[in-house]
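Please read the structure below before turning to the comments.
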Amino acid sequence: MRLLTLLAALVVLPLAAPAQADALTGTLRKIQDSNRLVLGVRDTAPPFSYIDQDQKVVGFAIDICMRIADAVKRELNRPDLDVGMEFVNSSSRIPLITNGTVDLECGTTTNNAERKKQVAFTNTHFLTATRFVSKKDQHIASLDDLRGKTVSSVAGSTNILMLIKANNERKLGITVIAAKDVPEAFLMVETGRAAAFVMDDVQLSVAAAQSKAPAAYVVSDETLSNPEPYGIMLRKDDPAFKAVVDRATAALYRSPEILTIYERWFLKPVPPRGLDYNVPLSPALRWAFEHPTDASDPAFYAH
């Protein structure tokens, strides 16, 4: 009888591992089957995601996504998992997530209620408000000073929607130009094609710092929004994958390592030009790191 029991156990044991693999669903199953995790990255969104002097994609959001990739490797027991990268922009990022091309979007995407109808987000990694940058010698102090002027923003961004809304509600008569990315939108201000550029304040500070004459530009005190959260984007209705990603980001944000990563990209000279963006960690973002959340309501972060 004992021999029969032992033989039965030997028959069942080999079946256990494949059964566990078969239980995988959604993105985890896709990654397991292809042995590849695909990150959606930006080529021109420093210091979050951009190409450095060695033609490598680097940045604050990239560092976070690589920690998530390590967690996925452990979850699937695939230390040799291939981590690929696909370039995305403001217009393509959501379609490439929803159609399965990209598994995680690692950049500067605002987590809001409208986007959550199409995609999911993991825990917040940055907080930013919508402002505008202009040339100091134009003396543009407020949105009202832009009445009747041309203003640029980025196509597919929440910022351009806020600009259009404010323009309509306040009857400012602003001509809104949609650029494909931050460099193009800022270039319109540099060359005089636009009087101002509306975007997330951190990206405006970075664009000005990278310009030929940083001291010539000023970011507005006036905001078009409350501080809003950036999150790493992933597919909606995929709880197993989101659980892995949420655990990985929560563990990172609660650890001292996140402060080291933050300082590397926002408080120290960064490649390729050694620019120091000097964006101190805000009390609200420090709180968000200590209390990881994927909340999209800006009021939630008012601490």
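Numbering starts fresh at 1 for the residues of each chain in the structure tokens, the chains themselves are lettered A, B, ... in the order given, and ligands are numbered from 1 as they appear.
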
Discussion item. What's around segment 176-190 of chain A at 8 Å? Count only C-alpha atoms, leave out sequence neighbours fewer than 5 positions away in its own chain, and write the answer as a PyMOL selection string.
Written reply: chain A and resi 44-45+89-90+134-135+150-155+160+163-164+195-197+203+207

Worksheet item: Could you name the residues that touch Ala129 of chain A at 6 Å or less, counting only C-alpha atoms, but leaving out those on the same chain fewer than 2 positions away, as a PyMOL selection string?
Response: chain A and resi 200-201+225-228

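Taking only C-alpha atoms into account, Pro292 of chain A lies nearest to A:Thr249 out of the set A:Thr249, A:Thr101, A:Thr25, A:Thr158.
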
Practice prompt. Just list the residues in segment 16-100 of chain A DSSP gives alpha helix (DSSP H) on the backbone, as a PyMOL selection string.
Written response: chain A and resi 16-22+26-34+60-76+93-98

Worksheet entry | For Arg254 of chain A, the nearest of the candidates A:Asn123, A:Asp294, A:Asn168, A:Leu161, counting only C-alpha atoms |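 Using only C-alpha atoms, Arg254 of chain A sits closest to A:Asn123.
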
Leu224 of chain A: which residues within 7 Å, counting only C-alpha atoms, same-chain residues fewer than 2 positions away excluded, as a short mmCIF file (atom, residue, chain, number, x, y, z; two decimals) with N, CA and C atoms, in the first residue's frame?
```
data_model
loop_
_atom_site.label_atom_id
_atom_site.label_comp_id
_atom_site.auth_asym_id
_atom_site.auth_seq_id
_atom_site.Cartn_x
_atom_site.Cartn_y
_atom_site.Cartn_z
N THR A 130 0.65 72.13 -13.10
CA THR A 130 0.72 72.72 -14.44
C THR A 130 0.97 74.23 -14.34
N ARG A 131 2.04 74.69 -14.97
CA ARG A 131 2.40 76.11 -15.02
C ARG A 131 2.82 76.45 -16.45
N MET A 162 -5.96 71.43 -19.95
CA MET A 162 -6.15 72.50 -18.94
C MET A 162 -6.02 73.87 -19.58
N GLU A 222 1.75 81.35 -11.07
CA GLU A 222 0.37 80.91 -11.25
C GLU A 222 0.33 79.46 -11.75
#
```

Item to complete: Skip Asn99 of chain A itself and residues of its chain fewer than 4 positions away, then list as a PyMOL selection string all residues within 12 Å of it, counting only C-alpha atoms.
Response: chain A and resi 27+92-95+103+118-119+234-236

Export of prior selection with N, CA and C atoms as a compact mmCIF listing (two decimals), in the first residue's frame:
```
# COMPACT_ATOMS: atom_id res chain seq x y z
N THR A 27 -0.88 39.90 -17.99
CA THR A 27 0.48 40.32 -18.33
C THR A 27 1.52 39.33 -17.85
N SER A 92 0.90 58.15 -28.11
CA SER A 92 0.93 56.69 -28.35
C SER A 92 0.95 55.85 -27.07
N ARG A 93 1.28 56.45 -25.93
CA ARG A 93 1.55 55.65 -24.72
C ARG A 93 0.35 54.82 -24.28
N ILE A 94 -0.85 55.38 -24.26
CA ILE A 94 -2.01 54.61 -23.81
C ILE A 94 -2.38 53.52 -24.81
N PRO A 95 -2.47 53.82 -26.12
CA PRO A 95 -2.75 52.74 -27.07
C PRO A 95 -1.73 51.59 -27.01
N ASP A 103 4.29 46.82 -21.60
CA ASP A 103 3.75 46.30 -20.34
C ASP A 103 3.77 47.33 -19.22
N GLN A 118 -9.15 53.74 -18.83
CA GLN A 118 -8.50 52.96 -19.88
C GLN A 118 -7.32 52.12 -19.37
N VAL A 119 -6.61 52.63 -18.35
CA VAL A 119 -5.39 51.98 -17.88
C VAL A 119 -5.36 52.01 -16.35
N LEU A 234 0.15 50.78 -16.40
CA LEU A 234 0.06 49.38 -16.79
C LEU A 234 -1.37 49.08 -17.23
N ARG A 235 -1.60 47.86 -17.69
CA ARG A 235 -2.92 47.54 -18.21
C ARG A 235 -3.97 47.46 -17.10
N LYS A 236 -5.17 47.84 -17.45
CA LYS A 236 -6.31 47.82 -16.53
C LYS A 236 -6.82 46.39 -16.36
```

Long-range neighbours of segment 74-79 of chain A as a compact mmCIF listing (two decimals) with C-alpha atoms, in the first residue's frame, 8 Å cut-off, only C-alpha atoms, 4 positions minimum in chain:
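The resulting file, around.txt, is reproduced below:
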```
# COMPACT_ATOMS: atom_id res chain seq x y z
CA LEU A 28 2.31 37.78 -16.16
CA GLN A 32 6.14 34.13 -19.03
CA ASN A 35 10.26 35.60 -21.65
CA ASP A 70 13.66 42.66 -10.87
CA VAL A 244 3.52 42.49 -8.18
```

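You can rank A:Gly173, A:Pro283, A:Gly192, A:Gly274 by their closest distance to Ala209 of chain A using only C-alpha atoms, and at the top of that list sits A:Gly274.
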
Item to complete: Provide the atom CA of Leu143 of chain A to atom CA of Met199 of chain A distance in Å, to one decimal place.
Response: 13.1 Å

Practice prompt. Could you jot down the atom CA of Ala71 of chain A to atom CA of Ala120 of chain A separation for me, Å, one decimal place?
Written response: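 Computing it gives 18.2 Å between the two atoms.
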
Worksheet item: Using the chain letters and numbers from this document, which residues of segment 19-249 of chain A does DSSP assign to strand (DSSP E or B), as a PyMOL selection string?
Response: chain A and resi 36-41+44-45+49-51+57-58+82-87+104-106+110+119-121+126-128+130-135+150-154+175-179+196-200+217-219+228-230+233-235

Discussion item. Calculated over only C-alpha atoms, which of the candidates A:His125, A:Asp144, A:Ser157, A:Pro229 has the smallest distance to Ser91 of chain A?
Written reply: A:Ser157

Fill in: Near-Lys268 of chain A list (9 Å; only C-alpha atoms; drop same-chain fewer than 6 positions) as a PyMOL selection string
chain A and resi 274-278

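Using only C-alpha atoms, the smallest distance between any of A:Ile232, A:Ala61, A:Val198, A:Leu259 and Ser49 of chain A comes from A:Ala61.
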
Worksheet item: Mind pulling up the distance from atom CA of Pro239 of chain A to atom CA of Asn111 of chain A?
Response: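 Separating atom CA of Asn111 of chain A from atom CA of Pro239 of chain A is a distance of 17.5 Å.
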
Worksheet item: Which is closest to Glu263 of chain A among A:Val218, A:Ala194, A:Ala250, A:Leu281, if we use only C-alpha atoms?
Response: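 Smallest distance to Glu263 of chain A is found for A:Leu281.
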